>>> print(open('query_37.txt').read())   # compact mmCIF, C-alpha atoms and all ligand atoms
# COMPACT_ATOMS: atom_id res chain seq x y z
CA MET J 1 -42.53 34.66 -34.70
CA SER J 2 -44.33 32.58 -32.13
CA GLU J 3 -48.07 32.94 -32.03
CA LYS J 4 -50.78 31.79 -29.68
CA LEU J 5 -53.70 29.97 -31.18
CA ASP J 6 -56.73 29.68 -28.92
CA ILE J 7 -58.76 26.55 -29.42
CA ASP J 8 -60.79 25.47 -26.39
CA LYS J 9 -62.29 22.25 -27.74
CA SER J 10 -63.30 19.23 -25.75
CA VAL J 11 -61.19 16.16 -26.34
CA LEU J 12 -63.77 13.91 -24.79
CA SER J 13 -66.67 15.26 -26.74
CA GLU J 14 -65.06 14.40 -30.08
CA ASN J 15 -65.44 10.79 -29.06
CA ASP J 16 -68.84 11.42 -27.54
CA LYS J 17 -70.09 12.99 -30.75
CA THR J 18 -68.97 10.02 -32.80
CA ALA J 19 -70.51 7.70 -30.24
CA TYR J 20 -73.79 9.57 -30.45
CA LYS J 21 -73.84 9.24 -34.24
CA ILE J 22 -73.17 5.53 -33.98
CA SER J 23 -75.96 4.94 -31.50
CA GLU J 24 -78.37 6.92 -33.69
CA GLU J 25 -77.35 5.05 -36.83
CA LEU J 26 -77.85 1.74 -35.06
CA LYS J 27 -81.18 2.91 -33.74
CA GLU J 28 -82.34 3.78 -37.24
CA ASN J 29 -81.55 0.21 -38.17
CA LYS J 30 -83.36 -1.01 -35.04
CA ILE J 31 -80.19 -2.49 -33.65
CA LEU J 32 -79.56 -2.60 -29.93
CA ALA J 33 -75.84 -2.22 -29.17
CA VAL J 34 -74.58 -3.99 -26.05
CA ASN J 35 -71.19 -3.05 -24.61
CA VAL J 36 -69.83 -6.13 -22.83
CA MET J 37 -67.14 -5.20 -20.32
CA GLY J 38 -65.20 -7.05 -17.63
CA SER J 39 -61.80 -8.32 -16.53
CA PRO J 40 -59.68 -10.49 -18.82
CA GLY J 41 -61.05 -14.01 -18.69
CA SER J 42 -64.22 -13.11 -16.80
CA GLY J 43 -66.28 -14.91 -19.44
CA LYS J 44 -67.30 -12.19 -21.91
CA THR J 45 -66.83 -14.27 -25.05
CA THR J 46 -68.39 -17.31 -23.43
CA PHE J 47 -71.42 -15.20 -22.50
CA ILE J 48 -71.83 -13.96 -26.08
CA GLU J 49 -71.43 -17.50 -27.43
CA LYS J 50 -74.05 -18.84 -25.05
CA ILE J 51 -76.58 -16.06 -25.42
CA SER J 52 -76.36 -16.32 -29.21
CA ASP J 53 -78.18 -19.66 -28.92
CA PHE J 54 -81.29 -17.73 -27.95
CA PHE J 55 -81.17 -15.54 -31.03
CA ASN J 56 -81.20 -16.20 -34.72
CA PRO J 57 -77.50 -16.23 -35.78
CA GLU J 58 -78.36 -13.90 -38.65
CA GLU J 59 -79.82 -11.19 -36.45
CA ILE J 60 -76.73 -10.64 -34.31
CA PHE J 61 -73.22 -9.50 -34.98
CA VAL J 62 -70.21 -9.05 -32.79
CA ILE J 63 -67.31 -6.64 -32.61
CA GLN J 64 -64.38 -8.08 -30.69
CA GLY J 65 -61.88 -5.81 -29.01
CA ASP J 66 -58.54 -7.26 -27.94
CA LEU J 67 -54.99 -5.98 -27.73
CA GLU J 68 -53.86 -8.59 -30.24
CA SER J 69 -55.11 -11.69 -32.10
CA ASP J 70 -58.38 -12.76 -33.68
CA VAL J 71 -59.02 -15.66 -31.32
CA ASP J 72 -62.38 -14.33 -30.11
CA LYS J 73 -63.55 -13.46 -33.62
CA LYS J 74 -62.88 -17.04 -34.69
CA ARG J 75 -64.92 -18.33 -31.76
CA MET J 76 -67.87 -16.27 -33.02
CA GLU J 77 -67.49 -17.41 -36.59
CA LYS J 78 -67.50 -20.98 -35.39
CA LYS J 79 -71.03 -20.31 -34.16
CA GLY J 80 -72.03 -18.87 -37.52
CA ILE J 81 -72.08 -15.29 -36.26
CA ASP J 82 -70.75 -12.33 -38.24
CA ALA J 83 -67.82 -10.94 -36.31
CA TYR J 84 -65.30 -8.20 -36.70
CA GLN J 85 -62.04 -8.03 -34.77
CA ILE J 86 -60.43 -4.82 -33.53
CA ASN J 87 -56.84 -4.97 -32.28
CA THR J 88 -55.96 -2.01 -30.09
CA HIS J 89 -52.22 -2.88 -29.95
CA GLY J 90 -51.84 -1.82 -26.35
CA GLY J 91 -54.92 0.40 -25.99
CA CYS J 92 -56.90 -0.68 -22.96
CA HIS J 93 -60.42 0.10 -24.22
CA LEU J 94 -62.35 0.57 -27.44
CA ASN J 95 -63.33 4.02 -28.61
CA ALA J 96 -66.06 5.34 -30.87
CA ASP J 97 -63.82 5.75 -33.92
CA MET J 98 -62.89 2.09 -33.80
CA ILE J 99 -66.54 1.09 -33.75
CA LYS J 100 -67.36 3.49 -36.55
CA ASN J 101 -64.65 1.96 -38.74
CA SER J 102 -65.76 -1.58 -38.06
CA LEU J 103 -69.40 -0.78 -38.79
CA GLU J 104 -68.37 0.12 -42.33
CA ASN J 105 -67.59 -3.56 -42.85
CA ILE J 106 -70.95 -4.83 -41.67
CA ASP J 107 -74.31 -4.91 -43.41
CA LEU J 108 -76.70 -3.54 -40.82
CA LYS J 109 -79.93 -4.31 -42.66
CA SER J 110 -80.73 -7.76 -41.31
CA LYS J 111 -79.37 -7.21 -37.79
CA ASN J 112 -81.14 -6.68 -34.49
CA PHE J 113 -78.36 -6.94 -31.92
CA LEU J 114 -74.76 -5.82 -31.82
CA PHE J 115 -72.56 -7.22 -29.08
CA ILE J 116 -69.33 -5.32 -28.57
CA GLU J 117 -66.82 -7.21 -26.46
CA ASN J 118 -64.64 -4.51 -24.98
CA VAL J 119 -60.99 -5.06 -24.11
CA GLY J 120 -60.68 -7.15 -20.95
CA ASN J 121 -60.26 -4.51 -18.25
CA LEU J 122 -62.26 -3.51 -15.20
CA VAL J 123 -61.18 0.13 -15.21
CA CYS J 124 -60.69 1.85 -18.52
CA PRO J 125 -63.73 0.98 -20.67
CA ALA J 126 -66.06 2.33 -18.00
CA GLY J 127 -66.18 5.97 -19.00
CA ILE J 128 -65.75 5.76 -22.76
CA ARG J 129 -68.83 5.94 -24.95
CA ILE J 130 -68.76 3.76 -28.03
CA GLY J 131 -72.33 4.13 -29.24
CA GLN J 132 -73.80 1.48 -27.00
CA HIS J 133 -77.37 1.46 -25.71
CA LEU J 134 -76.68 -0.97 -22.90
CA ASN J 135 -73.67 -1.52 -20.63
CA VAL J 136 -73.07 -5.02 -19.33
CA VAL J 137 -70.36 -6.00 -16.86
CA VAL J 138 -69.37 -9.66 -16.77
CA SER J 139 -67.90 -10.11 -13.32
CA SER J 140 -66.90 -13.65 -12.36
CA THR J 141 -67.10 -15.25 -8.96
CA THR J 142 -63.46 -16.33 -9.34
CA GLU J 143 -62.31 -12.70 -9.31
CA GLY J 144 -63.50 -12.36 -5.74
CA SER J 145 -66.43 -10.64 -4.08
CA ASP J 146 -64.50 -7.44 -3.39
CA LYS J 147 -64.56 -6.22 -7.00
CA PRO J 148 -67.47 -3.74 -6.74
CA LYS J 149 -65.81 -2.13 -3.77
CA LYS J 150 -62.44 -1.85 -5.52
CA TYR J 151 -63.63 -0.94 -9.03
CA PRO J 152 -66.88 0.95 -8.46
CA VAL J 153 -66.86 3.07 -11.60
CA ILE J 154 -67.52 0.25 -14.05
CA PHE J 155 -70.44 -0.94 -11.92
CA LEU J 156 -71.77 2.58 -11.68
CA ASN J 157 -71.75 2.78 -15.47
CA SER J 158 -73.51 -0.53 -16.00
CA ASP J 159 -77.14 -1.43 -16.69
CA LEU J 160 -76.69 -5.14 -16.19
CA VAL J 161 -74.18 -6.97 -14.00
CA LEU J 162 -73.66 -10.64 -14.76
CA ILE J 163 -72.14 -12.66 -11.95
CA SER J 164 -70.46 -15.21 -14.17
CA LYS J 165 -68.96 -18.62 -13.37
CA TYR J 166 -71.62 -18.91 -10.72
CA ASP J 167 -71.08 -22.69 -10.80
CA LEU J 168 -67.72 -22.00 -9.14
CA SER J 169 -68.98 -19.74 -6.37
CA ASP J 170 -68.66 -22.38 -3.63
CA VAL J 171 -65.22 -23.47 -4.79
CA VAL J 172 -63.87 -19.93 -4.50
CA ASP J 173 -65.86 -18.95 -1.37
CA PHE J 174 -67.68 -16.20 -3.22
CA ASN J 175 -69.34 -13.93 -0.65
CA GLU J 176 -72.53 -13.17 -2.52
CA ASN J 177 -74.21 -11.09 0.18
CA LYS J 178 -71.30 -8.76 0.49
CA TYR J 179 -70.93 -8.49 -3.27
CA LEU J 180 -74.61 -7.67 -3.79
CA LYS J 181 -74.62 -5.18 -0.95
CA ASP J 182 -71.59 -3.37 -2.36
CA ILE J 183 -73.15 -3.12 -5.82
CA ARG J 184 -76.42 -1.86 -4.40
CA ASN J 185 -74.47 0.84 -2.58
CA ILE J 186 -72.93 1.98 -5.82
CA LYS J 187 -76.00 1.73 -8.02
CA ASN J 188 -79.23 0.57 -6.56
CA SER J 189 -81.10 0.39 -9.86
CA VAL J 190 -78.74 -1.95 -11.69
CA LYS J 191 -80.06 -5.34 -12.84
CA ILE J 192 -78.03 -8.28 -11.52
CA LEU J 193 -78.17 -11.83 -12.91
CA LYS J 194 -76.13 -14.92 -12.08
CA ILE J 195 -74.89 -17.04 -14.95
CA SER J 196 -73.03 -20.28 -15.53
CA LYS J 197 -72.02 -21.30 -18.99
CA ASN J 198 -73.72 -24.70 -18.79
CA ASP J 199 -76.88 -23.47 -17.11
CA LYS J 200 -79.16 -22.67 -20.04
CA LYS J 201 -81.84 -21.21 -17.84
CA SER J 202 -79.49 -18.57 -16.47
CA ILE J 203 -78.45 -17.50 -19.97
CA LYS J 204 -82.04 -17.46 -21.16
CA GLU J 205 -82.87 -14.90 -18.49
CA CYS J 206 -80.16 -12.63 -19.89
CA ALA J 207 -81.51 -13.05 -23.41
CA GLU J 208 -84.98 -12.11 -22.18
CA PHE J 209 -83.64 -9.03 -20.40
CA ILE J 210 -81.74 -7.85 -23.47
CA ASN J 211 -84.68 -8.58 -25.75
CA LYS J 212 -86.90 -6.52 -23.52
CA LYS J 213 -84.43 -3.65 -23.59
CA ARG J 214 -84.51 -3.71 -27.36
CA ARG J 215 -88.28 -3.69 -27.43
CA ASN J 216 -88.30 -0.76 -24.99
CA LEU J 217 -85.80 1.18 -27.05
CA PHE J 218 -87.76 0.82 -30.26
CA ASN J 219 -91.28 1.10 -28.98
CA ASP J 220 -91.14 4.87 -29.37
CA ALA J 221 -89.51 4.57 -32.77
CA GLU J 222 -92.06 2.14 -34.11
CA MET F 223 -52.16 2.33 -20.07
CA HIS F 224 -55.63 3.78 -19.82
CA GLU F 225 -54.47 7.19 -21.09
CA LEU F 226 -52.86 5.99 -24.33
CA SER F 227 -55.88 6.41 -26.55
CA ILE F 228 -56.92 9.75 -25.10
CA THR F 229 -53.36 11.02 -25.68
CA LYS F 230 -53.56 9.83 -29.29
CA LYS F 231 -56.83 11.71 -29.62
CA ILE F 232 -55.26 14.89 -28.23
CA ILE F 233 -52.41 14.58 -30.72
CA GLU F 234 -54.84 14.05 -33.59
CA MET F 235 -56.66 17.23 -32.61
CA ILE F 236 -53.42 19.18 -32.38
CA GLU F 237 -52.44 17.97 -35.84
CA LYS F 238 -55.80 19.00 -37.24
CA GLU F 239 -55.66 22.47 -35.68
CA CYS F 240 -52.06 23.04 -36.74
CA SER F 241 -52.72 22.14 -40.34
CA LYS F 242 -55.90 24.24 -40.39
CA ASN F 243 -54.07 27.26 -38.98
CA ASN F 244 -50.77 26.70 -40.75
CA ILE F 245 -48.68 26.15 -37.63
CA LYS F 246 -45.54 24.28 -38.62
CA LYS F 247 -43.69 24.25 -35.31
CA PRO F 248 -45.90 24.03 -32.24
CA ASP F 249 -43.81 24.28 -29.09
CA LYS F 250 -46.26 24.52 -26.23
CA ILE F 251 -49.66 22.84 -25.97
CA HIS F 252 -52.05 23.91 -23.25
CA ALA F 253 -54.75 21.54 -22.12
CA GLU F 254 -57.09 21.13 -19.19
CA ILE F 255 -58.04 17.95 -17.43
CA GLY F 256 -61.03 17.66 -15.13
CA GLU F 257 -60.61 15.92 -11.82
CA LEU F 258 -63.84 14.00 -12.33
CA THR F 259 -62.82 12.38 -15.61
CA THR F 260 -61.40 8.90 -15.37
CA TYR F 261 -58.06 10.22 -16.65
CA LYS F 262 -54.93 11.41 -14.88
CA LYS F 263 -52.54 14.13 -15.93
CA GLU F 264 -49.20 12.35 -15.44
CA PRO F 265 -49.84 9.38 -17.74
CA ILE F 266 -51.06 11.72 -20.49
CA LYS F 267 -47.81 13.67 -20.28
CA TYR F 268 -45.90 10.41 -20.23
CA TYR F 269 -47.57 9.11 -23.38
CA PHE F 270 -47.34 12.48 -25.06
CA ASP F 271 -43.58 12.48 -24.57
CA ILE F 272 -43.28 8.99 -26.01
CA LEU F 273 -45.56 9.59 -28.98
CA LYS F 274 -44.04 12.93 -29.94
CA LYS F 275 -40.68 11.28 -30.63
CA GLU F 276 -42.18 9.58 -33.67
CA ASN F 277 -44.17 12.63 -34.67
CA HIS F 278 -42.54 15.07 -37.02
CA LEU F 279 -44.81 17.96 -36.15
CA LEU F 280 -44.67 17.55 -32.38
CA LYS F 281 -41.02 16.61 -31.90
CA LYS F 282 -40.21 19.83 -30.07
CA ALA F 283 -43.57 20.38 -28.40
CA ASP F 284 -44.39 20.14 -24.71
CA ILE F 285 -47.79 19.67 -23.17
CA ASP F 286 -48.95 21.56 -20.13
CA MET F 287 -52.01 20.13 -18.42
CA LYS F 288 -53.96 22.18 -15.93
CA ILE F 289 -56.15 20.33 -13.49
CA ILE F 290 -59.74 21.56 -13.26
CA ASN F 291 -61.30 20.90 -9.88
CA GLY F 292 -64.50 18.96 -9.63
CA LYS F 293 -67.28 21.34 -8.69
CA ILE F 294 -70.85 20.50 -7.77
CA LYS F 295 -73.91 22.40 -6.74
CA CYS F 296 -76.47 20.84 -4.49
CA LYS F 297 -80.00 21.29 -5.78
CA ASP F 298 -81.40 20.97 -2.28
CA CYS F 299 -79.25 23.24 -0.10
CA LYS F 300 -77.91 25.24 -3.10
CA LYS F 301 -74.35 25.13 -1.79
CA GLU F 302 -71.38 24.71 -4.12
CA ASN F 303 -68.57 22.35 -3.21
CA HIS F 304 -65.33 20.92 -4.45
CA ILE F 305 -65.31 17.13 -4.88
CA LYS F 306 -62.73 14.64 -6.06
CA GLU F 307 -64.64 11.44 -6.80
CA LYS F 308 -67.10 10.94 -9.56
CA TYR F 309 -69.05 8.00 -8.26
CA LEU F 310 -71.64 8.26 -5.53
CA ILE F 311 -71.61 12.03 -5.42
CA LEU F 312 -73.32 13.35 -2.35
CA CYS F 313 -73.50 16.90 -1.10
CA PRO F 314 -70.89 17.28 1.68
CA GLU F 315 -73.13 19.83 3.40
CA CYS F 316 -76.46 18.07 3.59
CA GLY F 317 -75.84 14.57 2.18
CA SER F 318 -78.26 14.97 -0.70
CA GLY F 319 -77.67 13.06 -3.93
CA ASN F 320 -79.58 15.68 -5.89
CA ILE F 321 -76.54 17.28 -7.50
CA ASP F 322 -75.49 19.24 -10.56
CA ILE F 323 -71.92 18.83 -11.76
CA LEU F 324 -70.60 22.29 -12.65
CA ASP F 325 -67.00 21.59 -13.59
CA GLY F 326 -64.29 18.96 -13.83
CA GLU F 327 -65.93 16.49 -16.21
CA ASP F 328 -64.04 17.36 -19.37
CA ILE F 329 -60.64 17.29 -21.02
CA ARG F 330 -60.05 20.33 -23.24
CA LEU F 331 -57.44 21.40 -25.73
CA LYS F 332 -57.04 25.10 -24.91
CA GLN F 333 -54.19 26.66 -26.81
CA ILE F 334 -51.31 25.93 -29.14
CA GLU F 335 -48.20 28.12 -29.06
CA GLY F 336 -45.83 27.95 -31.97
CA GLU F 337 -45.08 29.25 -35.41
N1 LIG A 1 -66.69 -22.90 -14.84
C1 LIG A 1 -66.99 -21.90 -15.67
N2 LIG A 1 -66.06 -21.44 -16.52
C2 LIG A 1 -66.37 -20.44 -17.35
C3 LIG A 1 -67.65 -19.84 -17.35
N3 LIG A 1 -67.67 -18.84 -18.27
C4 LIG A 1 -66.43 -18.83 -18.82
N4 LIG A 1 -65.64 -19.79 -18.28
C5 LIG A 1 -64.25 -20.09 -18.64
O1 LIG A 1 -63.42 -18.97 -18.37
C6 LIG A 1 -62.39 -18.88 -19.34
C7 LIG A 1 -62.37 -17.51 -19.96
O2 LIG A 1 -63.56 -17.31 -20.68
P1 LIG A 1 -63.70 -16.27 -21.90
O3 LIG A 1 -65.12 -16.27 -22.30
O4 LIG A 1 -62.70 -16.54 -22.94
O5 LIG A 1 -63.32 -14.92 -21.16
P2 LIG A 1 -63.22 -13.43 -21.77
O6 LIG A 1 -63.77 -12.52 -20.75
O7 LIG A 1 -63.81 -13.39 -23.13
O8 LIG A 1 -61.63 -13.27 -21.86
P3 LIG A 1 -60.80 -12.13 -22.67
O9 LIG A 1 -61.46 -11.93 -23.99
O10 LIG A 1 -59.44 -12.73 -22.80
O11 LIG A 1 -60.80 -10.92 -21.80
C8 LIG A 1 -62.64 -19.98 -20.34
O12 LIG A 1 -61.81 -21.07 -20.04
C9 LIG A 1 -64.09 -20.33 -20.12
O13 LIG A 1 -64.42 -21.65 -20.46
C10 LIG A 1 -68.64 -20.37 -16.44
O14 LIG A 1 -69.80 -19.93 -16.36
N5 LIG A 1 -68.25 -21.38 -15.63
MG MG A 2 -62.99 -12.71 -24.93
ZN ZN A 3 -76.75 20.03 -0.04
>>> encode(input="query_37.txt", output="structure tokens", more="lines below")
Ligand SMILES: Nc1nc2c(ncn2[C@@H]2O[C@H](COP(=O)(O)OP(=O)(O)OP(=O)(O)O)[C@@H](O)[C@H]2O)c(=O)[nH]1
Ligand SMILES: [Mg+2]
Ligand SMILES: [Zn+2]
Amino acid sequence: MSEKLDIDKSVLSENDKTAYKISEELKENKILAVNVMGSPGSGKTTFIEKISDFFNPEEIFVIQGDLESDVDKKRMEKKGIDAYQINTHGGCHLNADMIKNSLENIDLKSKNFLFIENVGNLVCPAGIRIGQHLNVVVSSTTEGSDKPKKYPVIFLNSDLVLISKYDLSDVVDFNENKYLKDIRNIKNSVKILKISKNDKKSIKECAEFINKKRRNLFNDAE
Amino acid sequence: MHELSITKKIIEMIEKECSKNNIKKPDKIHAEIGELTTYKKEPIKYYFDILKKENHLLKKADIDMKIINGKIKCKDCKKENHIKEKYLILCPECGSGNIDILDGEDIRLKQIEGE
């Protein structure tokens, strides 16, 4: 005989609960978790490589999310950084369970920063919590200045927007005024920095911002 | 593509509930999807139908997804309104950004029919 089983449970909050636990566990270990999002090829891995020069390699670790391959993990290891690769096999964003599983493979004791490179995608990672304390969007000049207008949600959910490949902005006629205006319309409070991979000063500013965020997060805890 | 992992999550929950409540043959799954989530109903159904083919428990099951309208209440003029977009929510009556979201932000597994 057919029966009706009433459930009424949130599908989203399962993930949110896991994400909350992750962020608390990281906090207990005084680790700031940074969710690095952006289109494929926008420069997410390059950004993590470059910013790692401003930290002690031992104090950071990286979780790489890609559909397939461990290319990005190998790039991290080349820099002497502990890295863990997640392959989503078609999934277009990371979720909290994936992060939870990868954290089991990492010794949190000596770490201060976790960089999570989300799957290259300007849409899907935006609304999914993975235990991060900070959302960063790497948005390159070569993608065009209309991206905030077309993909507002990811910008709305970000704390820091990095305009990457800034060295190419003239080549691709990047309309900076329009771009900045559109972001400000979506989220006025967001921090925006311009970076180029060979401009150390621009990367240093990011490192300082992220460092400050970590200090802010743990001031209360200390 | 975006809905693949959320569909997997829904299936995981169904499996958990079925085994907990000893349901061997679920045939109808009822779920709700909020308009203000970043998910759409059609792709979830699409992925569900693909994934169920390889799933012994769910082979014969169908999913029914009800859309829950986005509902806000303005804290300034106190009026309630129906909205469709999650970003830049402003009160359609008075333009205020001082808003409470009342409904439409969740995806819920509601009921499993079966035996
Ligand atoms: N000119 C210039 N090129 C850059 C810059 N940053 C990254 N690139 C180049 O852009 C390409 C893609 O960079 P990645 O860092 O691999 O991009 P990603 O976002 O990690 O890519 P996926 O992981 O595949 O999504 C590489 O060839 C980089 O060298 C930059 O500031 N300036
Ligand atoms: Mg990469
Ligand atoms: Zn109002």
>>> interface_residues(input="query_37.txt", of="chain F", to="chain J", cutoff="12 Å", atoms="all atoms listed in the file", output="PDB file with C-alpha atoms, keeping the file's coordinate frame")
ATOM      1  CA  MET F 223     -52.160   2.330 -20.070  1.00  0.00           C
ATOM      2  CA  HIS F 224     -55.630   3.780 -19.820  1.00  0.00           C
ATOM      3  CA  GLU F 225     -54.470   7.190 -21.090  1.00  0.00           C
ATOM      4  CA  LEU F 226     -52.860   5.990 -24.330  1.00  0.00           C
ATOM      5  CA  SER F 227     -55.880   6.410 -26.550  1.00  0.00           C
ATOM      6  CA  ILE F 228     -56.920   9.750 -25.100  1.00  0.00           C
ATOM      7  CA  THR F 229     -53.360  11.020 -25.680  1.00  0.00           C
ATOM      8  CA  LYS F 230     -53.560   9.830 -29.290  1.00  0.00           C
ATOM      9  CA  LYS F 231     -56.830  11.710 -29.620  1.00  0.00           C
ATOM     10  CA  ILE F 232     -55.260  14.890 -28.230  1.00  0.00           C
ATOM     11  CA  ILE F 233     -52.410  14.580 -30.720  1.00  0.00           C
ATOM     12  CA  GLU F 234     -54.840  14.050 -33.590  1.00  0.00           C
ATOM     13  CA  MET F 235     -56.660  17.230 -32.610  1.00  0.00           C
ATOM     14  CA  ILE F 236     -53.420  19.180 -32.380  1.00  0.00           C
ATOM     15  CA  LYS F 238     -55.800  19.000 -37.240  1.00  0.00           C
ATOM     16  CA  GLU F 239     -55.660  22.470 -35.680  1.00  0.00           C
ATOM     17  CA  CYS F 240     -52.060  23.040 -36.740  1.00  0.00           C
ATOM     18  CA  LYS F 242     -55.900  24.240 -40.390  1.00  0.00           C
ATOM     19  CA  ASN F 243     -54.070  27.260 -38.980  1.00  0.00           C
ATOM     20  CA  ASN F 244     -50.770  26.700 -40.750  1.00  0.00           C
ATOM     21  CA  ILE F 245     -48.680  26.150 -37.630  1.00  0.00           C
ATOM     22  CA  LYS F 246     -45.540  24.280 -38.620  1.00  0.00           C
ATOM     23  CA  LYS F 247     -43.690  24.250 -35.310  1.00  0.00           C
ATOM     24  CA  PRO F 248     -45.900  24.030 -32.240  1.00  0.00           C
ATOM     25  CA  ASP F 249     -43.810  24.280 -29.090  1.00  0.00           C
ATOM     26  CA  LYS F 250     -46.260  24.520 -26.230  1.00  0.00           C
ATOM     27  CA  ILE F 251     -49.660  22.840 -25.970  1.00  0.00           C
ATOM     28  CA  HIS F 252     -52.050  23.910 -23.250  1.00  0.00           C
ATOM     29  CA  ALA F 253     -54.750  21.540 -22.120  1.00  0.00           C
ATOM     30  CA  GLU F 254     -57.090  21.130 -19.190  1.00  0.00           C
ATOM     31  CA  ILE F 255     -58.040  17.950 -17.430  1.00  0.00           C
ATOM     32  CA  GLY F 256     -61.030  17.660 -15.130  1.00  0.00           C
ATOM     33  CA  LEU F 258     -63.840  14.000 -12.330  1.00  0.00           C
ATOM     34  CA  THR F 259     -62.820  12.380 -15.610  1.00  0.00           C
ATOM     35  CA  THR F 260     -61.400   8.900 -15.370  1.00  0.00           C
ATOM     36  CA  TYR F 261     -58.060  10.220 -16.650  1.00  0.00           C
ATOM     37  CA  LYS F 262     -54.930  11.410 -14.880  1.00  0.00           C
ATOM     38  CA  TYR F 269     -47.570   9.110 -23.380  1.00  0.00           C
ATOM     39  CA  GLU F 307     -64.640  11.440  -6.800  1.00  0.00           C
ATOM     40  CA  LYS F 308     -67.100  10.940  -9.560  1.00  0.00           C
ATOM     41  CA  TYR F 309     -69.050   8.000  -8.260  1.00  0.00           C
ATOM     42  CA  LEU F 310     -71.640   8.260  -5.530  1.00  0.00           C
ATOM     43  CA  ILE F 311     -71.610  12.030  -5.420  1.00  0.00           C
ATOM     44  CA  LEU F 312     -73.320  13.350  -2.350  1.00  0.00           C
ATOM     45  CA  GLY F 326     -64.290  18.960 -13.830  1.00  0.00           C
ATOM     46  CA  GLU F 327     -65.930  16.490 -16.210  1.00  0.00           C
ATOM     47  CA  ASP F 328     -64.040  17.360 -19.370  1.00  0.00           C
ATOM     48  CA  ILE F 329     -60.640  17.290 -21.020  1.00  0.00           C
ATOM     49  CA  ARG F 330     -60.050  20.330 -23.240  1.00  0.00           C
ATOM     50  CA  LEU F 331     -57.440  21.400 -25.730  1.00  0.00           C
ATOM     51  CA  LYS F 332     -57.040  25.100 -24.910  1.00  0.00           C
ATOM     52  CA  GLN F 333     -54.190  26.660 -26.810  1.00  0.00           C
ATOM     53  CA  ILE F 334     -51.310  25.930 -29.140  1.00  0.00           C
ATOM     54  CA  GLU F 335     -48.200  28.120 -29.060  1.00  0.00           C
ATOM     55  CA  GLY F 336     -45.830  27.950 -31.970  1.00  0.00           C
ATOM     56  CA  GLU F 337     -45.080  29.250 -35.410  1.00  0.00           C
TER      57      GLU F 337
END
>>> closest_residue(input="query_37.txt", among="J:Arg215, J:Arg184, J:Lys74, J:Lys150", to="ligand LIG 1 (chain A)", atoms="all atoms listed in the file")
J:Lys74
>>> residues_near_ligand(input="query_37.txt", ligand="ligand MG 2 (chain A)", cutoff="8 Å", atoms="all atoms listed in the file", output="count of residues only")
12
>>> atom_distance(input="query_37.txt", atom1="CA of Lys165 in chain J", atom2="atom C4 of ligand LIG 1 (chain A)")
6.0 Å
>>> atom_distance(input="query_37.txt", atom1="atom O9 of ligand LIG 1 (chain A)", atom2="CA of Met37 in chain J")
9.5 Å
>>> residues_near_ligand(input="query_37.txt", ligand="ligand ZN 3 (chain A)", cutoff="7 Å", atoms="all atoms listed in the file", output="PyMOL selection string")
chain F and resi 296-301+313-318
>>> residues_around(input="query_37.txt", residues="range 177-181 of chain J", least_positions_apart="2", cutoff="8 Å", atoms="all atoms listed in the file", output="PyMOL selection string")
chain J and resi 145-148+175+183-185
>>> atom_distance(input="query_37.txt", atom1="CA of Ala33 in chain J", atom2="CA of Asn188 in chain J")
23.0 Å
>>> residues_around(input="query_37.txt", residues="Asp325 in chain F", least_positions_apart="4", cutoff="7 Å", atoms="all atoms listed in the file", output="PyMOL selection string")
chain F and resi 291-293
>>> residues_around(input="query_37.txt", residues="Ser52 in chain J", least_positions_apart="4", cutoff="9 Å", atoms="all atoms listed in the file", output="list of chain:residue names")
J:Phe47, J:Ile48, J:Asn56, J:Pro57, J:Ile60, J:Lys79, J:Ile81, J:Ala207
>>> axis_aligned_box(input="query_37.txt", around="range 161-171 of chain J", padding_each_side="8 Å", output="lines of an AutoDock Vina configuration file")
center_x = -69.7
center_y = -15.2
center_z = -9.2
size_x = 25.0
size_y = 32.5
size_z = 27.1
>>> residues_around(input="query_37.txt", residues="Asp167 in chain J", least_positions_apart="2", cutoff="8 Å", atoms="all atoms listed in the file", output="list of chain:residue names")
J:Lys165, J:Ser169, J:Asp170, J:Ile195, J:Ser196
>>> closest_residue(input="query_37.txt", among="J:Tyr166, J:Phe209, J:Tyr151, J:Phe174", to="ligand LIG 1 (chain A)", atoms="all atoms listed in the file")
J:Tyr166
>>> closest_residue(input="query_37.txt", among="J:Thr18, J:Ser189, J:Asn101, J:Gln85", to="ligand LIG 1 (chain A)", atoms="only C-alpha atoms and all ligand atoms")
J:Gln85
>>> residues_around(input="query_37.txt", residues="Ser158 in chain J", least_positions_apart="6", cutoff="8 Å", atoms="all atoms listed in the file", output="JSON, numbers by chain")
{"J": [134, 135, 136, 137, 190]}
